[in-house]
$ cat entry_32.cif   # mmCIF, C-alpha atoms and all ligand atoms
data_protein
#
loop_
_atom_site.label_atom_id
_atom_site.label_comp_id
_atom_site.auth_asym_id
_atom_site.auth_seq_id
_atom_site.Cartn_x
_atom_site.Cartn_y
_atom_site.Cartn_z
CA MET A 128 0.00 0.00 0.00
CA SER A 129 1.46 3.33 -0.88
CA THR A 130 0.39 6.91 -1.00
CA LYS A 131 1.37 9.46 -3.55
CA ASP A 132 1.97 13.12 -3.47
CA PRO A 133 -1.34 14.80 -4.20
CA GLU A 134 0.51 17.01 -6.62
CA ASN A 135 1.08 13.97 -8.82
CA LEU A 136 -2.54 12.94 -9.02
CA ASP A 137 -3.02 14.14 -12.54
CA ASP A 138 0.46 13.43 -13.67
CA PRO A 139 0.38 10.76 -16.36
CA ALA A 140 4.01 10.06 -15.63
CA ALA A 141 3.21 9.01 -12.11
CA SER A 142 3.37 5.26 -11.94
CA GLY A 143 1.65 2.59 -9.85
CA GLU A 144 -1.86 2.15 -8.54
CA ALA A 145 -4.46 4.90 -8.54
CA VAL A 146 -4.40 6.82 -5.29
CA ILE A 147 -7.17 9.13 -4.25
CA THR A 148 -6.41 11.72 -1.64
CA ALA A 149 -8.73 13.44 0.76
CA ASP A 150 -8.23 16.55 -1.38
CA SER A 151 -9.97 14.89 -4.31
CA ILE A 152 -12.78 13.80 -2.03
CA TYR A 153 -13.18 17.26 -0.60
CA ALA A 154 -13.21 18.72 -4.07
CA ALA A 155 -15.86 16.19 -5.03
CA GLU A 156 -17.92 17.09 -1.99
CA ASP A 157 -17.60 20.77 -2.73
CA GLU A 158 -18.86 20.21 -6.25
CA GLU A 159 -21.82 18.02 -5.55
CA TRP A 160 -22.51 15.38 -2.93
CA VAL A 161 -24.10 12.22 -4.19
CA GLU A 162 -27.06 11.65 -1.93
CA LEU A 163 -28.05 8.12 -1.16
CA THR A 164 -31.49 6.72 -1.03
CA PRO A 165 -33.15 6.86 2.41
CA LEU A 166 -32.33 3.18 2.77
CA GLY A 167 -28.70 4.04 2.34
CA VAL A 168 -28.18 1.77 -0.61
CA PRO A 169 -26.66 3.45 -3.62
CA SER A 170 -27.90 2.73 -7.06
CA ALA A 171 -25.60 2.70 -10.07
CA GLY A 172 -27.22 6.00 -11.03
CA ASP A 173 -26.02 7.58 -7.82
CA TYR A 174 -22.54 7.30 -9.16
CA GLY A 175 -23.40 9.10 -12.36
CA GLY A 176 -22.31 6.16 -14.44
CA THR A 177 -18.66 6.77 -13.75
CA ASP A 178 -15.94 4.41 -12.73
CA THR A 179 -16.25 3.15 -9.17
CA GLY A 180 -12.57 2.66 -8.70
CA SER A 181 -10.18 -0.22 -8.58
CA PRO A 182 -10.26 -2.45 -5.51
CA ASP A 183 -6.73 -1.56 -4.60
CA ALA A 184 -7.34 2.17 -4.62
CA GLN A 185 -6.94 3.90 -1.28
CA VAL A 186 -8.50 6.92 0.31
CA ARG A 187 -6.35 9.10 2.48
CA ASP A 188 -8.52 10.45 5.25
CA ASP A 189 -7.10 13.67 6.50
CA ALA A 190 -10.09 14.07 8.80
CA ASN A 191 -8.76 11.17 10.84
CA GLY A 192 -5.24 12.42 11.03
CA PRO A 193 -2.71 13.18 8.38
CA GLY A 194 -1.58 10.29 6.29
CA ARG A 195 -4.02 7.74 7.72
CA LEU A 196 -5.21 5.37 5.03
CA LEU A 197 -8.71 4.08 4.72
CA SER A 198 -9.56 1.01 2.77
CA ALA A 199 -11.51 2.21 -0.24
CA ARG A 200 -13.64 -0.91 -0.31
CA PRO A 201 -13.82 -2.32 3.18
CA GLN A 202 -13.63 -6.09 3.30
CA SER A 203 -16.84 -6.09 5.29
CA ALA A 204 -18.80 -4.26 2.60
CA PRO A 205 -21.64 -6.57 1.56
CA ALA A 206 -21.81 -7.78 -2.00
CA ALA A 207 -24.99 -5.74 -2.52
CA LEU A 208 -22.89 -2.61 -2.23
CA ALA A 209 -20.61 -3.51 -5.06
CA VAL A 210 -21.59 -1.38 -8.01
CA PRO A 211 -20.53 -3.01 -11.26
CA PRO A 212 -18.35 -0.75 -13.36
CA PRO A 213 -20.19 0.63 -16.36
CA GLN A 214 -19.18 -0.48 -19.83
CA ASP A 215 -17.37 2.70 -20.67
CA SER A 216 -15.33 3.01 -17.46
CA PRO A 217 -12.35 5.29 -17.76
CA PRO A 218 -8.98 3.67 -17.23
CA THR A 219 -7.69 3.20 -13.68
CA ARG A 220 -4.92 5.70 -14.23
CA THR A 221 -6.48 9.13 -14.56
CA PRO A 222 -4.98 11.10 -17.38
CA SER A 223 -4.02 14.70 -16.94
CA GLY A 224 -7.01 17.00 -17.23
CA ASN A 225 -9.49 14.33 -16.15
CA ARG A 226 -10.12 15.75 -12.70
CA PRO A 227 -13.93 15.33 -12.78
CA ALA A 228 -13.52 11.57 -13.31
CA LEU A 229 -11.09 11.41 -10.42
CA ARG A 230 -13.47 13.32 -8.21
CA HIS A 231 -16.33 11.07 -9.20
CA ARG A 232 -14.28 8.08 -8.25
CA ALA A 233 -13.17 9.63 -4.97
CA ARG A 234 -16.77 10.41 -4.18
CA ALA A 235 -17.90 6.90 -5.03
CA LEU A 236 -15.18 5.38 -2.86
CA LEU A 237 -16.03 7.59 0.07
CA THR A 238 -19.74 6.90 -0.36
CA ASP A 239 -19.08 3.15 -0.45
CA LYS A 240 -17.12 3.42 2.76
CA LEU A 241 -19.83 5.43 4.51
CA VAL A 242 -22.58 3.10 3.32
CA ALA A 243 -20.64 0.14 4.70
CA GLU A 244 -20.16 2.02 7.98
CA GLU A 245 -23.86 2.78 8.19
CA ARG A 246 -24.71 -0.88 7.70
CA ASP A 247 -22.28 -1.74 10.49
CA CYS A 248 -23.96 0.83 12.77
CA ASP A 249 -27.42 -0.48 11.88
CA ALA A 250 -26.27 -4.02 12.60
CA GLN A 251 -24.76 -2.93 15.92
CA LEU A 252 -27.99 -1.18 16.93
CA ALA A 253 -29.99 -4.26 15.90
CA ARG A 254 -27.76 -6.49 18.05
CA LEU A 255 -28.17 -4.13 21.00
CA ARG A 256 -31.92 -4.13 20.44
CA VAL A 257 -31.97 -7.90 20.67
CA ARG A 258 -29.80 -7.90 23.77
CA GLY A 259 -32.14 -5.38 25.36
CA MET A 260 -31.34 -2.79 27.97
CA SER A 261 -30.32 -4.07 31.37
CA ARG A 262 -31.71 -0.96 33.07
CA SER A 263 -33.18 2.41 32.25
CA VAL A 264 -30.63 5.15 31.71
CA VAL A 265 -30.59 8.88 32.32
CA LEU A 266 -28.02 10.62 30.14
CA ALA A 267 -26.94 14.25 30.58
CA VAL A 268 -26.02 16.09 27.40
CA SER A 269 -23.82 18.94 28.53
CA SER A 270 -21.14 21.41 27.53
CA ILE A 271 -19.18 24.24 29.01
CA LYS A 272 -19.84 26.65 26.19
CA GLY A 273 -23.31 27.54 24.91
CA GLY A 274 -24.44 27.18 21.31
CA ILE A 275 -22.22 24.20 20.71
CA GLY A 276 -24.86 21.65 19.69
CA LYS A 277 -26.21 20.08 22.90
CA THR A 278 -29.83 20.41 21.82
CA THR A 279 -29.08 19.30 18.26
CA ILE A 280 -27.26 16.19 19.46
CA ALA A 281 -29.73 15.38 22.24
CA ARG A 282 -32.63 15.72 19.80
CA SER A 283 -30.90 13.55 17.18
CA LEU A 284 -30.01 10.91 19.76
CA ALA A 285 -33.61 10.83 20.99
CA ASP A 286 -34.69 9.77 17.50
CA ALA A 287 -31.82 7.28 17.19
CA PHE A 288 -32.63 5.61 20.52
CA GLN A 289 -36.32 5.53 19.71
CA GLY A 290 -36.00 4.44 16.07
CA GLY A 291 -32.75 2.48 15.93
CA LEU A 292 -32.66 1.01 19.40
CA ARG A 293 -36.50 0.88 19.74
CA GLN A 294 -36.38 2.06 23.33
CA ASN A 295 -38.95 4.48 24.73
CA THR A 296 -37.03 7.72 24.87
CA LEU A 297 -37.80 11.01 26.58
CA LEU A 298 -35.92 14.25 26.10
CA VAL A 299 -36.21 16.61 29.07
CA ASP A 300 -35.37 20.26 28.53
CA LEU A 301 -33.37 21.34 31.55
CA ASP A 302 -32.00 24.41 29.85
CA LEU A 303 -34.51 26.22 31.99
CA GLU A 304 -34.04 29.78 30.81
CA TRP A 305 -35.70 29.28 27.44
CA GLY A 306 -33.73 26.43 26.00
CA THR A 307 -34.63 25.60 22.43
CA ALA A 308 -35.54 21.91 22.68
CA VAL A 309 -39.21 22.88 22.58
CA ALA A 310 -38.67 24.49 19.17
CA THR A 311 -37.50 21.16 17.74
CA ALA A 312 -40.97 19.62 18.18
CA PRO A 313 -43.59 20.18 15.47
CA ALA A 314 -46.16 22.97 15.95
CA GLU A 315 -49.05 20.51 16.27
CA ALA A 316 -47.25 18.73 19.14
CA GLN A 317 -46.74 21.85 21.27
CA ARG A 318 -47.98 21.69 24.86
CA GLU A 319 -47.74 24.12 27.74
CA SER A 320 -47.34 21.44 30.41
CA SER A 321 -43.81 21.37 31.79
CA ILE A 322 -41.47 19.74 34.30
CA LEU A 323 -43.20 21.76 37.00
CA ASP A 324 -46.64 20.35 36.10
CA VAL A 325 -45.30 16.79 36.17
CA TYR A 326 -43.85 17.46 39.60
CA ARG A 327 -47.06 19.03 40.94
CA ARG A 328 -49.22 16.18 39.61
CA ARG A 329 -46.81 13.36 40.33
CA ASP A 330 -49.23 11.66 42.72
CA GLU A 331 -51.83 11.44 39.94
CA ILE A 332 -49.45 9.84 37.44
CA HIS A 333 -49.82 6.08 37.73
CA ASP A 334 -49.26 4.94 34.17
CA VAL A 335 -47.91 6.32 30.94
CA GLY A 336 -51.41 7.42 29.90
CA ASP A 337 -51.45 9.83 32.83
CA LEU A 338 -48.09 11.23 31.79
CA LEU A 339 -48.70 11.61 28.04
CA PRO A 340 -50.81 14.80 28.28
CA HIS A 341 -47.70 16.51 29.67
CA LEU A 342 -45.43 15.47 26.82
CA MET A 343 -44.82 16.49 23.20
CA SER A 344 -44.21 13.97 20.48
CA PHE A 345 -41.48 14.16 17.87
CA GLY A 346 -42.25 12.46 14.55
CA SER A 347 -40.03 9.51 15.52
CA GLY A 348 -42.12 8.61 18.56
CA ALA A 349 -39.55 9.99 21.01
CA LEU A 350 -41.16 12.44 23.44
CA LEU A 351 -40.26 15.76 25.03
CA LEU A 352 -40.92 17.19 28.47
CA ARG A 353 -40.45 20.90 28.18
CA ALA A 354 -39.19 23.53 30.58
CA PRO A 355 -41.66 26.12 31.85
CA ARG A 356 -42.01 29.35 29.90
CA GLU A 357 -42.92 31.87 32.62
CA PRO A 358 -40.09 33.40 34.68
CA ARG A 359 -41.86 32.71 37.96
CA GLU A 360 -42.32 29.06 37.04
CA ILE A 361 -38.73 28.78 35.82
CA ASP A 362 -37.60 30.08 39.19
CA ALA A 363 -39.79 27.50 40.95
CA VAL A 364 -37.86 24.60 39.39
CA THR A 365 -35.59 23.66 42.28
CA PRO A 366 -33.48 20.51 42.74
CA GLU A 367 -36.40 19.05 44.73
CA VAL A 368 -38.74 19.60 41.77
CA LEU A 369 -36.20 18.04 39.41
CA ASP A 370 -35.83 14.99 41.68
CA GLY A 371 -39.60 14.51 41.83
CA ALA A 372 -40.15 15.00 38.09
CA LEU A 373 -37.28 12.70 37.11
CA ALA A 374 -38.43 9.96 39.48
CA THR A 375 -41.90 10.21 37.93
CA VAL A 376 -40.87 10.03 34.27
CA ARG A 377 -38.12 7.47 34.49
CA ARG A 378 -40.60 4.76 35.46
CA PHE A 379 -41.96 4.87 31.92
CA PHE A 380 -38.87 5.38 29.74
CA GLN A 381 -35.83 3.23 29.08
CA VAL A 382 -33.82 6.28 27.99
CA VAL A 383 -34.15 9.78 29.45
CA LEU A 384 -31.96 12.47 27.90
CA LEU A 385 -31.39 15.70 29.79
CA ASP A 386 -30.62 18.73 27.62
CA LEU A 387 -28.60 20.82 30.08
CA PRO A 388 -27.67 24.49 30.15
CA PRO A 389 -23.98 25.23 29.60
CA GLY A 390 -21.70 24.69 32.58
CA ALA A 391 -19.92 22.10 34.67
CA GLY A 392 -22.11 22.59 37.74
CA ILE A 393 -19.60 24.44 39.89
CA LYS A 394 -21.76 27.55 39.92
CA HIS A 395 -24.89 26.37 38.15
CA GLU A 396 -27.48 24.64 40.35
CA THR A 397 -29.25 22.72 37.57
CA CYS A 398 -26.01 21.27 36.21
CA ARG A 399 -24.86 20.36 39.70
CA TRP A 400 -28.13 18.55 40.34
CA ALA A 401 -27.95 16.81 36.99
CA TYR A 402 -24.43 15.40 37.30
CA ALA A 403 -25.34 13.88 40.65
CA ALA A 404 -28.63 12.46 39.32
CA VAL A 405 -27.69 10.94 35.96
CA ASP A 406 -26.21 7.56 35.04
CA GLU A 407 -23.92 8.89 32.32
CA ALA A 408 -22.83 12.16 30.71
CA LEU A 409 -22.15 13.11 27.12
CA VAL A 410 -20.01 16.24 26.94
CA VAL A 411 -20.37 18.15 23.68
CA THR A 412 -17.67 20.44 22.38
CA THR A 413 -16.25 21.76 19.16
CA PRO A 414 -12.87 20.78 17.74
CA THR A 415 -10.80 23.89 18.38
CA MET A 416 -7.68 24.06 20.50
CA ALA A 417 -9.34 26.46 22.96
CA THR A 418 -12.44 24.32 23.52
CA VAL A 419 -10.52 21.04 23.69
CA ASP A 420 -7.27 21.96 25.40
CA TYR A 421 -8.88 24.30 27.90
CA GLN A 422 -12.61 23.61 28.35
CA LEU A 423 -12.85 19.90 27.62
CA ARG A 424 -9.75 19.06 29.60
CA HIS A 425 -11.04 20.92 32.65
CA ILE A 426 -14.64 19.73 32.60
CA LEU A 427 -13.55 16.10 32.25
CA GLN A 428 -11.05 16.46 35.07
CA PHE A 429 -13.68 18.12 37.25
CA LEU A 430 -16.32 15.49 36.50
CA ARG A 431 -13.90 12.60 37.08
CA GLU A 432 -12.90 14.02 40.45
CA SER A 433 -16.39 15.02 41.57
CA TYR A 434 -18.35 12.04 40.19
CA PRO A 435 -15.81 9.23 39.87
CA ALA A 436 -18.45 6.61 39.04
CA LEU A 437 -20.03 8.65 36.23
CA PRO A 438 -19.26 7.21 32.78
CA LEU A 439 -18.27 9.96 30.33
CA GLN A 440 -18.33 10.25 26.57
CA VAL A 441 -17.46 13.20 24.35
CA ALA A 442 -19.10 14.35 21.13
CA LEU A 443 -16.95 16.63 19.02
CA ASN A 444 -19.57 18.52 17.08
CA VAL A 445 -19.51 20.56 13.87
CA VAL A 446 -16.34 18.86 12.70
CA PRO A 447 -15.60 20.39 9.30
CA ASN A 448 -15.46 18.08 6.30
CA ARG A 449 -12.15 19.70 5.44
CA PRO A 450 -10.44 20.05 8.82
CA SER A 451 -7.58 22.50 9.02
CA ARG A 452 -4.33 21.50 10.70
CA ASN A 453 -5.52 23.24 13.86
CA VAL A 454 -8.75 21.24 13.91
CA ARG A 455 -6.89 18.01 13.26
CA GLU A 456 -4.63 18.75 16.21
CA ALA A 457 -7.66 19.51 18.40
CA LEU A 458 -9.30 16.22 17.32
CA ALA A 459 -6.15 14.28 18.13
CA MET A 460 -5.83 16.04 21.46
CA ALA A 461 -9.43 15.16 22.40
CA ASP A 462 -8.66 11.51 21.60
CA GLY A 463 -5.78 11.74 24.06
CA ILE A 464 -7.75 13.38 26.89
CA LEU A 465 -10.28 10.57 27.09
CA ASP A 466 -10.04 7.06 25.72
CA SER A 467 -10.46 7.69 21.99
CA ARG A 468 -13.25 5.07 21.80
CA ARG A 469 -15.30 7.39 23.96
CA VAL A 470 -14.69 10.43 21.76
CA LEU A 471 -17.00 10.54 18.76
CA ARG A 472 -17.50 13.06 15.99
CA VAL A 473 -20.49 14.73 14.42
CA HIS A 474 -19.67 16.61 11.26
CA ARG A 475 -20.95 20.02 10.34
CA ASP A 476 -24.12 19.55 8.31
CA ASP A 477 -26.36 22.39 7.17
CA ALA A 478 -29.20 19.97 6.49
CA LEU A 479 -29.11 18.81 10.11
CA ALA A 480 -29.18 22.42 11.34
CA SER A 481 -32.03 23.31 9.04
CA GLN A 482 -34.13 20.23 9.85
CA ILE A 483 -33.72 20.91 13.56
CA ASP A 484 -34.58 24.57 13.09
CA GLN A 485 -37.70 23.68 11.11
CA ALA A 486 -38.77 21.13 13.75
CA ALA A 487 -38.64 18.52 11.00
CA LEU A 488 -35.77 16.25 11.93
CA ASP A 489 -35.75 12.99 9.99
CA ILE A 490 -32.44 11.19 10.36
CA ASN A 491 -33.14 9.09 7.27
CA GLN A 492 -33.34 12.22 5.16
CA LEU A 493 -29.88 13.44 6.20
CA GLY A 494 -26.72 12.75 4.25
CA VAL A 495 -25.06 9.41 4.85
CA ARG A 496 -22.14 10.94 6.73
CA THR A 497 -24.44 12.54 9.31
CA ARG A 498 -26.54 9.39 9.59
CA VAL A 499 -23.38 7.45 10.35
CA ASP A 500 -22.25 10.03 12.92
CA ILE A 501 -25.55 9.96 14.80
CA LYS A 502 -25.98 6.18 14.68
CA ARG A 503 -22.39 5.56 15.71
CA LEU A 504 -22.76 7.91 18.67
CA ALA A 505 -26.06 6.26 19.68
CA ALA A 506 -24.57 2.76 19.37
CA SER A 507 -21.46 3.74 21.30
CA LEU A 508 -23.55 5.06 24.18
CA ALA A 509 -26.00 2.16 24.15
CA GLU A 510 -23.22 -0.45 24.12
CA GLY A 511 -22.79 0.07 27.86
CA TRP A 512 -26.52 -0.06 28.58
CA CYS A 513 -27.49 -3.36 27.03
CA ARG A 514 -27.13 -6.86 28.45
N1 LIG A 601 -23.43 19.28 13.42
C1 LIG A 601 -23.94 20.48 13.14
N2 LIG A 601 -23.89 20.96 11.88
C2 LIG A 601 -24.39 22.18 11.58
N3 LIG A 601 -24.97 23.00 12.47
C3 LIG A 601 -25.05 22.58 13.74
C4 LIG A 601 -24.56 21.31 14.14
N4 LIG A 601 -24.79 21.18 15.47
C5 LIG A 601 -25.41 22.32 15.86
N5 LIG A 601 -25.56 23.16 14.83
C6 LIG A 601 -26.18 24.49 14.86
O1 LIG A 601 -25.53 25.26 15.86
C7 LIG A 601 -26.48 26.09 16.52
C8 LIG A 601 -26.44 25.80 18.02
O2 LIG A 601 -26.87 24.46 18.22
P1 LIG A 601 -27.68 24.03 19.51
O3 LIG A 601 -28.84 24.93 19.73
O4 LIG A 601 -27.94 22.58 19.38
O5 LIG A 601 -26.57 24.30 20.60
P2 LIG A 601 -26.73 24.30 22.18
O6 LIG A 601 -25.43 23.87 22.73
O7 LIG A 601 -27.93 23.51 22.56
O8 LIG A 601 -26.99 25.83 22.47
P3 LIG A 601 -27.46 26.49 23.86
O9 LIG A 601 -26.25 26.44 24.77
O10 LIG A 601 -27.85 27.88 23.48
O11 LIG A 601 -28.58 25.66 24.37
C9 LIG A 601 -27.84 25.78 15.92
O12 LIG A 601 -28.12 26.73 14.94
C10 LIG A 601 -27.64 24.42 15.28
O13 LIG A 601 -28.48 24.20 14.19
MG MG A 602 -29.59 24.07 23.71
#
$ encode --input "entry_32.cif" --output "structure tokens"
Amino acid sequence: MSTKDPENLDDPAASGEAVITADSIYAAEDEEWVELTPLGVPSAGDYGGTDTGSPDAQVRDDANGPGRLLSARPQSAPAALAVPPPQDSPPTRTPSGNRPALRHRARALLTDKLVAEERDCDAQLARLRVRGMSRSVVLAVSSIKGGIGKTTIARSLADAFQGGLRQNTLLVDLDLEWGTAVATAPAEAQRESSILDVYRRRDEIHDVGDLLPHLMSFGSGALLLRAPREPREIDAVTPEVLDGALATVRRFFQVVLLDLPPGAGIKHETCRWAYAAVDEALVVTTPTMATVDYQLRHILQFLRESYPALPLQVALNVVPNRPSRNVREALAMADGILDSRRVLRVHRDDALASQIDQAALDINQLGVRTRVDIKRLAASLAEGWCR
């Protein structure tokens, strides 16, 4: 296996096997991303009738660290994914001036890889589904900085746990001062009932039917318990109220996700309550040196010291498709701060942002890369919850 200087990609004098660099993939993505069917299975048409690449071609994945090679056609890729080369395939060696063909091939190789990864994630979620959860789980989704993607990730995970893992899932908006989780539920699902109402009526809630009038439904079947809207009611949500409301709802849900306000809980009462109450925490951050080297490092150290039994995972959100050197260093550093298997990535995706903003999230309608990110994160979290 060998790599070549990207400068030589179009050089007909360059010898040996065809090598596709991340640069060609990025260029392909910039031009036009081939969207897959909702089932995630590409048709020959998705590849625009171009060459799908030789089996020995390699993709260099700069997003995973400079120089790391990815197998272009993973061994595990099922036969159904193999797209037969069209009759008029261009030659393996790309002649000078044939950049579009190279980009098409790079795109096809990357798409193949992502499709195979998605099938692996689906299979992992199916296995976990069969194993079943050993207990119900309350997961805090937190961050130090605001606006970093807690609500986006919590909302996406709610759908993944409900749809992929088939576990009854409730998202609770604990970002009490007008967090935006409520805006991710469709208009027809909106309800005024909040955490405070569940607490006040907890003695009347005996089964899930008694609880449902207090909840909003996302299209996936996952549900939301909102925060109150009025300042006086927001102020009335004390740790005692949170204890009572959580004890009430967790009887009916296998997975409860808490969408927290920013903070580690040193000064913030809600975060402090949450870290002591939950079974696990997912810390969301962005891949910059400041957020990783300073904020992530400190919050993880603080949580480990203060809650030594609390399992932690990290989601690095809005990872650019074309990470700069600085971002790559931040990603590598995050992998070093916590066991890298517990550090997962969610790429920047405008479609995800827009679906969330329009209260119309449908994971199956997102690009394959984002579907893989969300499913992989869900499966990684659920791995520790199932028998
Ligand atoms: N992976 C992503 N790709 C593109 N946009 C994203 C992604 N994740 C989040 N965003 C966008 O970033 C903005 C902030 O996201 P979000 O509201 O989820 O953050 P937050 O941490 O919950 O914020 P707050 O601290 O205010 O509650 C939103 O506009 C959202 O659509
Ligand atoms: Mg939020």
$ residues_near_ligand --input "entry_32.cif" --ligand "ligand LIG 601 (chain A)" --cutoff "9 Å" --atoms "only C-alpha atoms and all ligand atoms" --output "NGL selection string"
:A and (269-282 or 302 or 305-308 or 386-389 or 411-412 or 443-447 or 472-484 or 497)
$ closest_residue --input "entry_32.cif" --among "A:Ser263, A:Thr311, A:Thr238, A:Asn491" --to "ligand MG 602 (chain A)" --atoms "all atoms listed in the file"
A:Thr311
$ closest_residue --input "entry_32.cif" --among "A:Leu229, A:Ser507, A:Arg455, A:Thr375" --to "A:Glu331" --atoms "only C-alpha atoms"
A:Thr375
$ atom_distance --input "entry_32.cif" --atom1 "atom CA of A:Ser344" --atom2 "atom CA of A:Glu510"
25.7 Å
$ atom_distance --input "entry_32.cif" --atom1 "atom CA of A:Leu437" --atom2 "atom CA of A:Val265"
11.3 Å
$ residues_near_point --input "entry_32.cif" --point "(-35.1, 8.9, 34.5)" --cutoff "12 Å" --atoms "only C-alpha atoms" --output "ChimeraX atom specification"
/A:262-267,295-299,352,369-385,401,404-407
$ decode --input "entry_32.cif" --residues "stretch 312-327 of chain A" --atoms "N, CA, C and O atoms" --output "PDB file, in the first residue's frame"
ATOM      1  N   ALA A 312     -39.771  20.454  18.316  1.00  0.00           N
ATOM      2  CA  ALA A 312     -40.975  19.620  18.184  1.00  0.00           C
ATOM      3  C   ALA A 312     -41.949  20.325  17.240  1.00  0.00           C
ATOM      4  O   ALA A 312     -42.048  21.554  17.247  1.00  0.00           O
ATOM      5  N   PRO A 313     -42.683  19.565  16.437  1.00  0.00           N
ATOM      6  CA  PRO A 313     -43.589  20.183  15.468  1.00  0.00           C
ATOM      7  C   PRO A 313     -44.674  21.035  16.142  1.00  0.00           C
ATOM      8  O   PRO A 313     -45.030  20.795  17.300  1.00  0.00           O
ATOM      9  N   ALA A 314     -45.179  22.021  15.398  1.00  0.00           N
ATOM     10  CA  ALA A 314     -46.158  22.966  15.949  1.00  0.00           C
ATOM     11  C   ALA A 314     -47.363  22.233  16.520  1.00  0.00           C
ATOM     12  O   ALA A 314     -47.862  22.579  17.601  1.00  0.00           O
ATOM     13  N   GLU A 315     -47.824  21.190  15.821  1.00  0.00           N
ATOM     14  CA  GLU A 315     -49.051  20.510  16.273  1.00  0.00           C
ATOM     15  C   GLU A 315     -48.830  19.724  17.561  1.00  0.00           C
ATOM     16  O   GLU A 315     -49.787  19.310  18.222  1.00  0.00           O
ATOM     17  N   ALA A 316     -47.536  19.506  17.923  1.00  0.00           N
ATOM     18  CA  ALA A 316     -47.248  18.728  19.140  1.00  0.00           C
ATOM     19  C   ALA A 316     -47.078  19.617  20.366  1.00  0.00           C
ATOM     20  O   ALA A 316     -46.949  19.130  21.487  1.00  0.00           O
ATOM     21  N   GLN A 317     -47.075  20.934  20.163  1.00  0.00           N
ATOM     22  CA  GLN A 317     -46.742  21.848  21.271  1.00  0.00           C
ATOM     23  C   GLN A 317     -47.729  21.733  22.436  1.00  0.00           C
ATOM     24  O   GLN A 317     -48.948  21.629  22.235  1.00  0.00           O
ATOM     25  N   ARG A 318     -47.172  21.738  23.640  1.00  0.00           N
ATOM     26  CA  ARG A 318     -47.977  21.693  24.864  1.00  0.00           C
ATOM     27  C   ARG A 318     -47.402  22.687  25.850  1.00  0.00           C
ATOM     28  O   ARG A 318     -46.208  22.962  25.832  1.00  0.00           O
ATOM     29  N   GLU A 319     -48.214  23.181  26.723  1.00  0.00           N
ATOM     30  CA  GLU A 319     -47.736  24.119  27.739  1.00  0.00           C
ATOM     31  C   GLU A 319     -47.225  23.399  28.981  1.00  0.00           C
ATOM     32  O   GLU A 319     -46.450  23.927  29.744  1.00  0.00           O
ATOM     33  N   SER A 320     -47.693  22.186  29.198  1.00  0.00           N
ATOM     34  CA  SER A 320     -47.338  21.442  30.407  1.00  0.00           C
ATOM     35  C   SER A 320     -45.824  21.249  30.470  1.00  0.00           C
ATOM     36  O   SER A 320     -45.175  20.966  29.459  1.00  0.00           O
ATOM     37  N   SER A 321     -45.274  21.373  31.663  1.00  0.00           N
ATOM     38  CA  SER A 321     -43.814  21.367  31.794  1.00  0.00           C
ATOM     39  C   SER A 321     -43.366  20.463  32.952  1.00  0.00           C
ATOM     40  O   SER A 321     -44.179  19.845  33.630  1.00  0.00           O
ATOM     41  N   ILE A 322     -42.075  20.466  33.182  1.00  0.00           N
ATOM     42  CA  ILE A 322     -41.470  19.744  34.305  1.00  0.00           C
ATOM     43  C   ILE A 322     -42.206  20.062  35.617  1.00  0.00           C
ATOM     44  O   ILE A 322     -42.454  19.181  36.435  1.00  0.00           O
ATOM     45  N   LEU A 323     -42.546  21.334  35.761  1.00  0.00           N
ATOM     46  CA  LEU A 323     -43.200  21.758  36.998  1.00  0.00           C
ATOM     47  C   LEU A 323     -44.571  21.105  37.148  1.00  0.00           C
ATOM     48  O   LEU A 323     -44.957  20.680  38.251  1.00  0.00           O
ATOM     49  N   ASP A 324     -45.307  20.984  36.035  1.00  0.00           N
ATOM     50  CA  ASP A 324     -46.635  20.346  36.097  1.00  0.00           C
ATOM     51  C   ASP A 324     -46.506  18.869  36.438  1.00  0.00           C
ATOM     52  O   ASP A 324     -47.305  18.322  37.195  1.00  0.00           O
ATOM     53  N   VAL A 325     -45.505  18.212  35.859  1.00  0.00           N
ATOM     54  CA  VAL A 325     -45.305  16.787  36.169  1.00  0.00           C
ATOM     55  C   VAL A 325     -44.993  16.636  37.652  1.00  0.00           C
ATOM     56  O   VAL A 325     -45.513  15.744  38.325  1.00  0.00           O
ATOM     57  N   TYR A 326     -44.188  17.522  38.169  1.00  0.00           N
ATOM     58  CA  TYR A 326     -43.851  17.456  39.602  1.00  0.00           C
ATOM     59  C   TYR A 326     -45.110  17.657  40.460  1.00  0.00           C
ATOM     60  O   TYR A 326     -45.388  16.895  41.378  1.00  0.00           O
ATOM     61  N   ARG A 327     -45.877  18.708  40.105  1.00  0.00           N
ATOM     62  CA  ARG A 327     -47.055  19.028  40.938  1.00  0.00           C
ATOM     63  C   ARG A 327     -48.108  17.925  40.885  1.00  0.00           C
ATOM     64  O   ARG A 327     -48.856  17.727  41.824  1.00  0.00           O
TER      65      ARG A 327
END
